[in-house]
Amino acid sequence: MDAFICTACGTQYPPSQTAPAQCTICEDERQFIPPRGQTWTTLPALAAGHFNGWRQHEPGIIGIGTQPQFAIGQRALLISTPNGNVLWDCISMLDAATVALIKALGGLSAIAISHPHFYTTMSEWSRAFGGVPVHLHAADERWIMRPDPCVKLWQGETLSLLPDVTLIRGGGHFPGGAMLHWAKGAGGRGVLCASDIATVTTDRKFFTFMRSYPNLIPLSAKQVTAIGAALEPFAFDTVYSHFFDRVIPALQVSIKRYLGALAGAYERE
């Protein structure tokens, strides 16, 4: 039996004789069903026409993204520390070349994922690296489409994953929406991997915050303020979003800009 993968969001479902009738992730208002309808692929079929590209963002951080673009099109981040390597967020595509390169760089100690849109083929990734744990926030448990013993649910506001690597619950986009802070990143000034809990805008000058990006549903002022409060204890110089080239150094000014827009700051223009 095949473990089918939704071509719209990249989520993998348990092995079955036929493709699922629908994708639960895409039926939620934060994602969408394509106009052509739901279509499916498998990991071998995906690998036959795609490959993973790599980009070093800075010492200790490598981006991994699939070409041609597949599903949502996010990239994962491989974070290499003296205490082990962490894969932040996940992509559907996984092949022997990707596994070999990561193993050559020291393998993985853990996988951590920001929110359900990026759960993708997480159990395949775990098995490829000896069953390493996949850390997901418990508030988003209902969105796990392929349950697996590798999944470790964490609760509360923070989780110390490795020395100097901390998961932070920001909420917003999803109740368990998480970000990763690496204190030793950016030359010791700190790095925040924000995924799209706080996403970098196209002009790379600001962040914005949404409940649904494709359907343009904004977050409330209360939720955005809570994200800012969750990050207040953490120092960081650089922020990585979920796409290549979405890397900027500012956050608090973006929160003020967003809250100002909700309060009507641009109505006079």
# chains A, B, ... in the order shown; residues from 1 in each chain; ligands from 1

call {"tool": "select_by_dssp", "arguments": {"residues": "stretch 19-77 of chain A", "states": "alpha helix (DSSP H)", "output": "NGL selection string"}}
result
:A and (24-27 or 43-49)

call {"tool": "write_last_selection", "arguments": {"atoms": "N, CA and C atoms", "output": "mmCIF file, in the first residue's frame"}}
result
data_model
loop_
_atom_site.group_PDB
_atom_site.id
_atom_site.type_symbol
_atom_site.label_atom_id
_atom_site.label_comp_id
_atom_site.auth_asym_id
_atom_site.auth_seq_id
_atom_site.Cartn_x
_atom_site.Cartn_y
_atom_site.Cartn_z
ATOM 1 N N THR A 24 -7.867 16.623 5.035
ATOM 2 C CA THR A 24 -8.385 17.369 6.186
ATOM 3 C C THR A 24 -7.683 18.713 6.347
ATOM 4 N N ILE A 25 -6.384 18.743 6.074
ATOM 5 C CA ILE A 25 -5.629 19.993 6.201
ATOM 6 C C ILE A 25 -6.140 21.027 5.200
ATOM 7 N N CYS A 26 -6.359 20.617 3.960
ATOM 8 C CA CYS A 26 -6.808 21.554 2.929
ATOM 9 C C CYS A 26 -8.252 22.001 3.132
ATOM 10 N N GLU A 27 -9.062 21.186 3.779
ATOM 11 C CA GLU A 27 -10.457 21.558 4.003
ATOM 12 C C GLU A 27 -10.609 22.601 5.104
ATOM 13 N N LEU A 43 5.673 9.271 -2.308
ATOM 14 C CA LEU A 43 7.066 9.695 -2.184
ATOM 15 C C LEU A 43 7.919 9.220 -3.365
ATOM 16 N N PRO A 44 7.797 7.955 -3.825
ATOM 17 C CA PRO A 44 8.579 7.546 -4.999
ATOM 18 C C PRO A 44 8.233 8.355 -6.246
ATOM 19 N N ALA A 45 6.957 8.647 -6.444
ATOM 20 C CA ALA A 45 6.557 9.430 -7.614
ATOM 21 C C ALA A 45 7.073 10.861 -7.514
ATOM 22 N N LEU A 46 7.041 11.417 -6.320
ATOM 23 C CA LEU A 46 7.556 12.770 -6.116
ATOM 24 C C LEU A 46 9.052 12.824 -6.411
ATOM 25 N N ALA A 47 9.784 11.833 -5.908
ATOM 26 C CA ALA A 47 11.241 11.797 -6.096
ATOM 27 C C ALA A 47 11.625 11.612 -7.560
ATOM 28 N N ALA A 48 10.731 11.031 -8.353
ATOM 29 C CA ALA A 48 11.038 10.804 -9.769
ATOM 30 C C ALA A 48 11.111 12.109 -10.560
ATOM 31 N N GLY A 49 10.474 13.167 -10.058
ATOM 32 C CA GLY A 49 10.468 14.412 -10.807
ATOM 33 C C GLY A 49 10.935 15.628 -10.037
#

call {"tool": "select_by_dssp", "arguments": {"residues": "stretch 1-167 of chain A", "states": "strand (DSSP E or B)", "output": "number ranges by chain"}}
result
A: 2, 5-6, 12, 16, 40-41, 51-58, 61-67, 76-81, 84-88, 110-112, 134-137, 151-154, 158-162, 165-167

call {"tool": "write_last_selection", "arguments": {"atoms": "N, CA and C atoms", "output": "compact mmCIF listing (two decimals), in the first residue's frame"}}
result
# COMPACT_ATOMS: atom_id res chain seq x y z
N ASP A 2 0.34 2.30 -0.57
CA ASP A 2 1.06 3.57 -0.66
C ASP A 2 0.61 4.52 0.44
N ILE A 5 0.31 11.40 -0.56
CA ILE A 5 0.68 12.75 -0.18
C ILE A 5 -0.20 13.73 -0.95
N CYS A 6 -0.81 14.66 -0.25
CA CYS A 6 -1.62 15.69 -0.88
C CYS A 6 -0.71 16.63 -1.67
N GLN A 12 1.27 13.89 4.27
CA GLN A 12 1.22 12.45 3.99
C GLN A 12 0.23 11.77 4.92
N SER A 16 -2.64 3.24 2.34
CA SER A 16 -3.98 2.78 1.99
C SER A 16 -3.99 2.27 0.56
N TRP A 40 -3.26 13.66 -5.62
CA TRP A 40 -2.37 12.95 -4.71
C TRP A 40 -1.15 12.40 -5.43
N THR A 41 -0.08 12.22 -4.69
CA THR A 41 1.11 11.57 -5.20
C THR A 41 1.67 10.67 -4.10
N PHE A 51 13.90 17.24 -6.83
CA PHE A 51 15.10 17.05 -6.04
C PHE A 51 15.14 18.14 -4.97
N ASN A 52 15.96 17.93 -3.96
CA ASN A 52 16.12 18.92 -2.90
C ASN A 52 17.38 19.75 -3.14
N GLY A 53 17.21 21.06 -3.14
CA GLY A 53 18.34 21.97 -3.23
C GLY A 53 18.74 22.46 -1.85
N TRP A 54 19.99 22.94 -1.74
CA TRP A 54 20.55 23.34 -0.45
C TRP A 54 21.12 24.75 -0.54
N ARG A 55 21.02 25.49 0.55
CA ARG A 55 21.64 26.81 0.60
C ARG A 55 22.13 27.08 2.03
N GLN A 56 23.39 27.44 2.18
CA GLN A 56 23.90 27.79 3.50
C GLN A 56 23.56 29.26 3.77
N HIS A 57 22.74 29.48 4.79
CA HIS A 57 22.33 30.83 5.16
C HIS A 57 23.39 31.52 6.02
N GLU A 58 24.01 30.75 6.89
CA GLU A 58 25.07 31.24 7.77
C GLU A 58 25.74 30.00 8.36
N ILE A 61 23.56 26.93 9.71
CA ILE A 61 22.18 26.90 9.23
C ILE A 61 22.16 26.70 7.72
N ILE A 62 21.56 25.59 7.30
CA ILE A 62 21.41 25.26 5.89
C ILE A 62 19.93 25.13 5.57
N GLY A 63 19.49 25.79 4.50
CA GLY A 63 18.12 25.65 4.04
C GLY A 63 18.00 24.50 3.05
N ILE A 64 16.90 23.76 3.14
CA ILE A 64 16.64 22.63 2.25
C ILE A 64 15.27 22.84 1.62
N GLY A 65 15.23 22.95 0.30
CA GLY A 65 13.96 23.17 -0.39
C GLY A 65 13.86 22.34 -1.65
N THR A 66 12.64 22.01 -2.04
CA THR A 66 12.39 21.11 -3.16
C THR A 66 12.24 21.89 -4.47
N GLN A 67 12.86 21.34 -5.52
CA GLN A 67 12.77 21.89 -6.87
C GLN A 67 12.32 20.80 -7.84
N ALA A 76 12.92 23.65 4.71
CA ALA A 76 13.31 23.27 6.06
C ALA A 76 14.66 23.90 6.38
N LEU A 77 15.01 23.93 7.66
CA LEU A 77 16.31 24.43 8.08
C LEU A 77 17.04 23.35 8.87
N LEU A 78 18.26 23.07 8.47
CA LEU A 78 19.13 22.17 9.22
C LEU A 78 20.02 23.03 10.11
N ILE A 79 19.85 22.89 11.41
CA ILE A 79 20.59 23.70 12.38
C ILE A 79 21.62 22.80 13.05
N SER A 80 22.88 23.11 12.83
CA SER A 80 23.98 22.28 13.35
C SER A 80 24.59 22.96 14.57
N THR A 81 24.57 22.26 15.70
CA THR A 81 25.13 22.78 16.94
C THR A 81 26.14 21.78 17.50
N GLY A 84 24.36 18.63 18.76
CA GLY A 84 23.51 17.85 17.88
C GLY A 84 22.85 18.72 16.83
N ASN A 85 22.29 18.06 15.82
CA ASN A 85 21.64 18.76 14.71
C ASN A 85 20.12 18.65 14.83
N VAL A 86 19.44 19.74 14.49
CA VAL A 86 17.98 19.78 14.53
C VAL A 86 17.46 20.13 13.14
N LEU A 87 16.46 19.39 12.68
CA LEU A 87 15.74 19.77 11.47
C LEU A 87 14.53 20.58 11.89
N TRP A 88 14.50 21.84 11.47
CA TRP A 88 13.37 22.72 11.80
C TRP A 88 12.42 22.78 10.61
N ALA A 110 17.10 15.57 16.49
CA ALA A 110 15.67 15.81 16.67
C ALA A 110 15.11 16.54 15.46
N ILE A 111 13.80 16.42 15.30
CA ILE A 111 13.04 17.20 14.33
C ILE A 111 12.01 17.99 15.12
N ALA A 112 11.82 19.25 14.77
CA ALA A 112 10.80 20.08 15.41
C ALA A 112 10.05 20.83 14.32
N VAL A 134 10.13 13.58 16.80
CA VAL A 134 9.55 14.72 16.09
C VAL A 134 8.72 15.49 17.11
N HIS A 135 9.12 16.70 17.42
CA HIS A 135 8.48 17.49 18.47
C HIS A 135 7.41 18.39 17.88
N LEU A 136 6.15 18.18 18.32
CA LEU A 136 5.00 18.97 17.91
C LEU A 136 4.30 19.48 19.15
N HIS A 137 3.70 20.66 19.08
CA HIS A 137 2.98 21.14 20.25
C HIS A 137 1.65 20.40 20.39
N VAL A 151 6.42 10.73 17.13
CA VAL A 151 5.88 12.04 17.50
C VAL A 151 5.90 12.21 19.02
N LYS A 152 6.49 13.30 19.45
CA LYS A 152 6.55 13.65 20.87
C LYS A 152 5.84 14.99 21.06
N LEU A 153 4.74 14.96 21.78
CA LEU A 153 3.96 16.17 22.00
C LEU A 153 4.49 16.93 23.21
N TRP A 154 4.72 18.22 23.03
CA TRP A 154 5.16 19.03 24.15
C TRP A 154 4.07 20.03 24.52
N THR A 158 7.34 26.89 26.46
CA THR A 158 8.69 26.68 25.91
C THR A 158 9.12 25.23 26.13
N LEU A 159 10.06 24.79 25.30
CA LEU A 159 10.68 23.47 25.46
C LEU A 159 12.15 23.61 25.14
N SER A 160 13.02 23.23 26.08
CA SER A 160 14.46 23.21 25.82
C SER A 160 14.78 21.95 25.04
N LEU A 161 15.12 22.13 23.77
CA LEU A 161 15.34 20.99 22.88
C LEU A 161 16.77 20.48 23.00
N LEU A 162 17.72 21.40 22.95
CA LEU A 162 19.14 21.14 23.14
C LEU A 162 19.70 22.34 23.89
N VAL A 165 19.07 25.74 22.31
CA VAL A 165 18.00 25.61 21.32
C VAL A 165 16.67 25.45 22.06
N THR A 166 15.75 26.39 21.86
CA THR A 166 14.49 26.42 22.60
C THR A 166 13.31 26.55 21.64
N LEU A 167 12.27 25.77 21.87
CA LEU A 167 11.02 25.93 21.14
C LEU A 167 10.12 26.87 21.93

call {"tool": "closest_residue", "arguments": {"among": "A:Phe4, A:Glu141, A:Ile197, A:Glu29", "to": "A:Gln17", "atoms": "only C-alpha atoms"}}
result
A:Phe4

call {"tool": "residues_around", "arguments": {"residues": "A:Phe207", "least_positions_apart": "5", "cutoff": "6 Å", "atoms": "only C-alpha atoms", "output": "NGL selection string"}}
result
:A and (198-201 or 254)

call {"tool": "closest_residue", "arguments": {"among": "A:His117, A:Arg127, A:Lys184, A:Lys256", "to": "A:Pro82", "atoms": "only C-alpha atoms"}}
result
A:Lys184

call {"tool": "closest_residue", "arguments": {"among": "A:Thr11, A:Leu108, A:His50, A:Met145", "to": "A:Gly131", "atoms": "only C-alpha atoms"}}
result
A:Leu108

call {"tool": "closest_residue", "arguments": {"among": "A:Val224, A:Ala21, A:Leu192, A:Ala139", "to": "A:Ile255", "atoms": "only C-alpha atoms"}}
result
A:Val224

call {"tool": "atom_distance", "arguments": {"atom1": "atom CA of A:Cys23", "atom2": "atom CA of A:Thr39"}}
result
9.3 Å

call {"tool": "residues_around", "arguments": {"residues": "A:Ile227", "least_positions_apart": "2", "cutoff": "9 Å", "atoms": "only C-alpha atoms", "output": "compact mmCIF listing (two decimals) with N, CA and C atoms, in the first residue's frame"}}
result
# COMPACT_ATOMS: atom_id res chain seq x y z
N ARG A 169 6.18 28.56 22.07
CA ARG A 169 4.81 28.58 21.53
C ARG A 169 4.37 30.02 21.35
N GLY A 170 4.11 30.38 20.10
CA GLY A 170 3.60 31.72 19.81
C GLY A 170 2.10 31.72 19.56
N GLY A 171 1.57 30.54 19.13
CA GLY A 171 0.16 30.47 18.78
C GLY A 171 -0.11 31.27 17.52
N GLY A 172 -1.29 31.83 17.44
CA GLY A 172 -1.64 32.66 16.28
C GLY A 172 -2.16 31.85 15.12
N ILE A 197 4.60 31.67 11.64
CA ILE A 197 3.93 32.20 12.83
C ILE A 197 4.07 33.72 12.81
N ALA A 198 5.24 34.19 12.39
CA ALA A 198 5.48 35.60 12.04
C ALA A 198 6.24 35.56 10.73
N LYS A 222 -4.95 40.93 19.77
CA LYS A 222 -4.63 40.16 20.98
C LYS A 222 -3.65 39.04 20.67
N GLN A 223 -3.88 38.33 19.56
CA GLN A 223 -3.00 37.22 19.20
C GLN A 223 -1.60 37.70 18.81
N VAL A 224 -1.53 38.80 18.08
CA VAL A 224 -0.22 39.32 17.67
C VAL A 224 0.55 39.85 18.87
N THR A 225 -0.14 40.50 19.79
CA THR A 225 0.50 40.97 21.01
C THR A 225 1.05 39.80 21.81
N ALA A 229 4.84 39.00 23.13
CA ALA A 229 5.14 38.73 24.54
C ALA A 229 5.90 37.42 24.70
N ALA A 230 5.55 36.42 23.90
CA ALA A 230 6.24 35.12 23.99
C ALA A 230 7.71 35.25 23.62
N LEU A 231 8.02 36.19 22.73
CA LEU A 231 9.40 36.35 22.26
C LEU A 231 10.22 37.32 23.11
N GLU A 232 9.56 38.06 23.97
CA GLU A 232 10.23 39.11 24.74
C GLU A 232 11.46 38.63 25.50
N ILE A 255 5.39 44.34 14.70
CA ILE A 255 4.21 44.18 15.55
C ILE A 255 3.50 45.52 15.70

call {"tool": "residues_around", "arguments": {"residues": "A:Cys90", "least_positions_apart": "5", "cutoff": "8 Å", "atoms": "only C-alpha atoms", "output": "ChimeraX atom specification"}}
result
/A:75-76,113,118-122
